[in-house]
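Working notes, beginning with the structure itself.
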Amino acid sequence: MSNVAKDTKAITTVQCPTCKTKVEWVEKNTHRPFCSKRCQQIDFGDWATESFAIAGEPALDAETLMQGYEEE
Ligand SMILES: [Zn+2]
């Protein structure tokens, strides 16, 4: 292997399951493997309301989906 890491100081990075942003696996990232609290909540809402999940709409939150559903 010749592609040695240049300036990564042995920090593990993971992909945010929600938005695919690279997340450094470090103490300060309390929401890891998510990049933020928002992405963490989106992911939880996603599996909780699986039947409402809309691909390509990661900004949609579960509460909005639930409200829309109740009105029908
Ligand atoms: Zn994210």
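Ordered as shown in the structure tokens, chains take letters A, B, and onward, while each chain numbers its residues from 1 and ligands are numbered from 1 in the order shown.
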
Using only C-alpha atoms and all ligand atoms, find each residue of chain A with at least one atom at most 7 Å away from an atom of ligand 1; report its shortest atom-to-atom pair and that distance in Å (one decimal), sort the rows by chain and rising residue number, and return the result as a tab-separated table.
residue	atom	partner	partner_atom_place_in_ligand_line	distance
A:Cys16	CA	ligand 1	1 (Zn)	4.7
A:Pro17	CA	ligand 1	1 (Zn)	6.7
A:Thr18	CA	ligand 1	1 (Zn)	5.0
A:Cys19	CA	ligand 1	1 (Zn)	4.2
A:Lys20	CA	ligand 1	1 (Zn)	6.1
A:Thr21	CA	ligand 1	1 (Zn)	5.5
A:Phe34	CA	ligand 1	1 (Zn)	5.3
A:Cys35	CA	ligand 1	1 (Zn)	4.3
A:Ser36	CA	ligand 1	1 (Zn)	5.8
A:Cys39	CA	ligand 1	1 (Zn)	4.6

In Å to one decimal, how far is CA of Glu27 (chain A) from CA of Thr13 (chain A)?
-> 12.3 Å

In Å, how far is it from CA of Lys37 (chain A) to CA of Gln15 (chain A)?
->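 Computing it gives 14.5 Å between the two atoms.
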
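Atom pair CA of Asp61 (chain A) / CA of Thr30 (chain A): separated by 20.8 Å.
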
Contacts of Trp25 (chain A) at 7 Å or less, counting only C-alpha atoms, minus same-chain residues fewer than 6 places along, as a list in words?
->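 Counting only C-alpha atoms, the residues come to Ile11, Thr12, Thr13, Val14 and Arg32 of chain A.
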